[in-house]
Structures are given as C-alpha cells and as structure tokens.
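Visitor: This is the structure, below, for whatever I ask next.
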Amino acid sequence: MKIAEAIDEAPAGAVIRIAPGEYAESLRILGKEVTLEGTPVDEAAEGGGAAPPVRIVGDGGWAPTVEQSGGRLTLMHLAIAARDADAVKVVGGALRVESAALSASTGNALRVVDGATVTGRGLTIADSQVGVLFEDAEGEITDSVIRDIGDDGVVIRIGATPVLRSCTIENAGGRGIYVYESAKPTIEGCEIVGARGEGISIAQGAAPTLSLCKVVGAGSAGIRFAPGTAGSLRGCSTERCGSPEIDIADGADVDRSDANADAAGLGAVETPKGDPAKVASLLAELDGMVGLEGVKAEVRSIIDEIQVNEWRRAAGLSTGGMSNHLIFAGAPGTGKTTVGRIYGQLLAALGVLPGGPLKEVSRRDLVGQYVGHTAEKTAAVFDEAKGGVVFLDEAYTLTRQAGGGSNDFGQEAVDMIVKLMEDMRKDIAVIAAGYTNEMRDFLDANPGLASRFVKTIEFENYDAEDLTRIITGMVSGNDYRLGEGATDLLRGYFAQLPRDASFGNARDARKLFEKLRKVQSGRLRRLPGRPDLEALITITADDVRAAVAS
C-alpha cells in the first residue's frame, strides 16, 4: 500500500506508521487530522544514524513532496526530499514536525503560508534553495539546524510572526535570516554562521525581536536594519563579519542593548556559551527513544531551565544556583543509562560541564576493604569521570545496613560522594539509580545527600506496545523481518508478562530477540537445502510461539 492510499483511508486522528525504506510519492493532504510516523533513528539500527530511515522523495514535477491544506498534520522521524519543488508546504493548517530531515534542491525545504501554523523541533534542514519560508504565518521552530542552503537560510515576510529559538543556520549562500514586508518574528538564542550575505537582514517595515543571537563570519554586516524598520536587539553579538558588523540605518527605530554596543556607549553583554546544534541533536535523540514520555518531559524541563539561566547569566542578570545531580528511580531495563549518557552530553553542549565520559559504577567500584581504601577508590572514580557523569547503578546497595558489621564501608563511600558532589559541582554530574523504594533509604543515609540532587525522575515500566516497538526495532535493525501474525503474538506475550521485581523491561525484549534468532536458526538448519533470502530474513509466527514457550 502506498502512503497516499493509507492517508485516504485513515480516519480522523489516525497514526500511520511507515516502515523503513524510500517512497517515491508526492502527498497532498486536504483538511485531515493525521500523523505520519517513521522509525526513530535508534530503533532502525544499533548505533543510530544521521537521518531517519524512512525517506519520502517527491515523484517529480512541481508538486511539493508533502502538501498540507487545512487540517492538522504531524510528521515525525521522517526524511522528506524534493527535487524541483518544496519538500513540505503547509497552507492554512496546523503542522507539527519533529525529528525530521528536510531538503529541496531547487525549492523551499519548509514553506508555511496563508495563516498556517507550524511547530517544529529537532529538524535538520539542508541542501535546499531556501531553508524555511514563513509568509503571513506563525508558529515556532526550536532546537533545529539549517545548513548548506543555496539562497537565504530563513525567509520571514508579509506580516509573519513566527518564533525561532535555539536554532543554528550555517553556510547560507545568501542571507542567514531575511525579515521583510512588515514581518514581526521573535528570534532568540540562534547562531548564524558563514552566511555569504548579511547574517540577519531586516527590511521593508519589519520589526523583529532579536535576543541572545550570535552571527559569525557573515560576508556582509552581521545584523542590518534598513530605513523604516523597527524592533529590539538584546544581548546579540557578531564576530568576523563585514563592516559595520551591526548596521542600524538612520530612520530605523531599534531598541538596542547588544554585545557590540560599546561604540554606542552601551554596556557589553557576554556571549552565551554552548553548542545549540549539538543540543538540538541530543534532544532529538532523546525524543527518538521508545516510550518514557514523562522522563523526556522532566529532562527537557531541566535543560530549559539550564539554558535560560545561561542566557540570563550572559545578559548580566542574576541566576539561582542549580545542581546538575539527579536520581533515576525505577526498574531495570527502562533506559536509565542511555538517558544518563544523553543528559551528560546535553550538559556539555550547554556549556555547563567541560565534557567527559559517562562512568558507570556500582558498589564494588567504590567500596574498599579497609579504612581509607573506600575514600581513595571513590575519589579515583570521580577523577576518571571529570567533565562528565558518574552513573551510580543500584546506589542503595551502599546504604549501611543493620548488622552490616565493622567491615562494611558503604557508608564511607556515601559520605565521600556527598563531599565530592560539592567539591566538583562544576566538573561533574552524579546520577544515582535504583528501585524507587530502596532509593529513599539511600537518600536518608547522609543528612546532606538529598539536597545535592536537583530532582528524582521516575522511570516507569514499558507497556506491551512499547516493548513491541523495541523488539521490532531490533528485528529490522539486524536485517530480519516479522512474518504474518508474529507482531501480534509478541504484543500478546509482552501484555501478559507480570510486572514484578523480576521484570526486565527492554532487557526482556533483548533476551526474547536472541531466543527468536536461535529458534529461527534451528528451524532453517533442519531444512533439506539452503534457505533463500526471504527465509533467511523472516521470523515467523511459529518461531515466536517456540521462543516464548522455551
């Protein structure tokens, strides 16, 4: 079945999940509410990849690859490309697009017009004539990268009022961002690098709000306000741009307080630290994980607060002290280590940590055999993880137990951890993980321990649908496919698994996948001849029955 056929048959609010592959179709979606969802990068193959494994390429001509008119459309985990047209065009509807890669070699990668609204996050827009065009439209694009554009990176015109936040625009052949024809966008925390023309150009009565933006290496002025424009310029900076780096024409009404304002007698503002493109990439990786919606929301809220604090600090405003240490509570196999790695890399990308490894340790790595040995071992672990994250798995095993004996030095490790968390607070983050109830006992082991952690994040058990998505990702990522009825059998198996202390979540899915491989191998080995390609890649419903019964 083609994607277009599935859309035509789908009821309102339907989610259409698309198998990995390339689809030569041009989709026109009129007044419908539908979601098109591809496969997240980390489900397609272990180790991930640069682009989503579902690629929709226009079938030729001048029609956009995806054209939405009215209605509500959601696009997730898709690569959408066009040759002689726009990749995605939305007219008068509401579009949500996340974790997607868009390109249009001679058109607009994303075109939003005629009262449409778009919400975009974690986008990679590249190799296009124009990156994003807003025309009499609104919306918000955050944590996205727009690069290698033939003409202007972002065009905002005809009264459009979008928000661009924490985006990076690199290597635009024209202007990085062009705002004109009375448009009034908000552009915040964006970085424009290597534009051949102006980094940000404002003309024809436009009045943008620019804050905490940075323009580097523009071929002309870094930021230019033409006569008759207005707006505000707060905490922005330019480097290695044409002269004058910030060009505000006579007759432009601009409220200015920026990092290049020394010549105008205004106070300088420090440039924010961090790598917005890396932050966007890591948040997209987090969003690509199966399930864990509550966890993702909690991590995002922490990252949002850190980012805003950094912007406030750079602008010379007061910021409250904030710990980067977390408690991860929940059963095993729920992605705690993976989320911990992403969190540590996010802290580095935000400029909060120097950047270093995730050091996963347990009791045996910290507790010594004699007095003083534990403090020495614990300090060595923290030194090895400097700049990154100490991930303390089953942290509750360190808690001093009644009757533990004089040779139990777990409490000494806890006390040393408390000290090092304070002494190295600018160089390290600590994540302590374990079962929910036991972690409460761990936090009671030292009076200062609980106050060192900014938040406890609960990792809930995966449901049957989540586990089915996890194991099907393992199947496709290892060049297998599920035969008819196999997916339903897997979903039924996961639904009946008891969620007790022995439940392993994704680990159970991994174990079952290994069983499926063994069962299929045994079945094929018993065939009279060499199996063909279809047989080699297919895991049948009978294979599933045999695996779950063993």
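Going through the structure tokens in order, the chains are called A, B, and so on, while each chain numbers its residues from 1 and the ligands are numbered from 1 in the order shown.
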List the spatial neighbours of range 93-107 of chain A as a ChimeraX atom specification - criterion: any atom at most 6 Å away, only C-alpha atoms, same-chain residues fewer than 3 positions off excluded.

Guide: /A:69-87,116-129,284

Visitor: Just the strand (DSSP E) stuff from range 204-247 of chain A, please, per backbone DSSP, written as number ranges by chain.

Guide: A: 209-211, 214-216, 221-225, 230-234, 237-239, 242-247

Visitor: Apply DSSP to the backbone of this structure and, from range 422-482 of chain A, keep only the residues in alpha helix (DSSP H); write these as a PyMOL selection string.

Guide: chain A and resi 422-423+436-443+449-452+464-477

Visitor: With a distance cut-off of 10 Å and only C-alpha atoms, select the neighbouring residues of Thr338 in chain A, excluding the residue or stretch itself and same-chain residues fewer than 5 positions from it, and output the selection as a list of chain:residue names.

Guide: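 Skipping anything fewer than 5 positions along the chain leaves A:Leu286, A:Met289, A:Tyr343, A:Leu358.
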
Visitor: Give me, as JSON, numbers by chain, all polymer residues having an atom no more than 7 Å from range 534-538 of chain A, counting only C-alpha atoms and skipping those fewer than 3 positions away in the same chain.

Guide: {"A": [479, 480, 481, 482, 483, 531]}

Visitor: Keeping only N, CA, C and O atoms, take the residues you just selected and write them out as a PDB file, in the first residue's frame.

Guide:
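Saved as result20.pdb:
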```
ATOM      1  N   ASP A 479      18.513  -6.819  10.131  1.00  0.00           N
ATOM      2  CA  ASP A 479      18.204  -7.404   8.817  1.00  0.00           C
ATOM      3  C   ASP A 479      17.290  -8.625   8.910  1.00  0.00           C
ATOM      4  O   ASP A 479      17.469  -9.611   8.188  1.00  0.00           O
ATOM      5  N   TYR A 480      16.329  -8.555   9.804  1.00  0.00           N
ATOM      6  CA  TYR A 480      15.250  -9.534   9.839  1.00  0.00           C
ATOM      7  C   TYR A 480      13.935  -8.801   9.584  1.00  0.00           C
ATOM      8  O   TYR A 480      13.863  -7.569   9.620  1.00  0.00           O
ATOM      9  N   ARG A 481      12.877  -9.586   9.377  1.00  0.00           N
ATOM     10  CA  ARG A 481      11.536  -9.020   9.359  1.00  0.00           C
ATOM     11  C   ARG A 481      10.591 -10.018  10.006  1.00  0.00           C
ATOM     12  O   ARG A 481      10.865 -11.237  10.050  1.00  0.00           O
ATOM     13  N   LEU A 482       9.474  -9.522  10.507  1.00  0.00           N
ATOM     14  CA  LEU A 482       8.492 -10.372  11.166  1.00  0.00           C
ATOM     15  C   LEU A 482       7.451 -10.832  10.159  1.00  0.00           C
ATOM     16  O   LEU A 482       6.901 -10.024   9.401  1.00  0.00           O
ATOM     17  N   GLY A 483       7.193 -12.144  10.161  1.00  0.00           N
ATOM     18  CA  GLY A 483       6.185 -12.699   9.273  1.00  0.00           C
ATOM     19  C   GLY A 483       4.775 -12.394   9.740  1.00  0.00           C
ATOM     20  O   GLY A 483       4.547 -11.797  10.800  1.00  0.00           O
ATOM     21  N   PRO A 531      18.413 -22.265   2.580  1.00  0.00           N
ATOM     22  CA  PRO A 531      17.249 -21.377   2.502  1.00  0.00           C
ATOM     23  C   PRO A 531      17.519 -20.180   1.598  1.00  0.00           C
ATOM     24  O   PRO A 531      18.659 -19.726   1.461  1.00  0.00           O
TER      25      PRO A 531
END
```

Visitor: Extract, using only C-alpha atoms, all DNA, RNA and protein residues at most 8 Å from Cys167 in chain A, discarding same-chain residues fewer than 3 positions from it, and format them as a PyMOL selection string.

Guide: chain A and resi 141-146+164+189-191+276-277+280
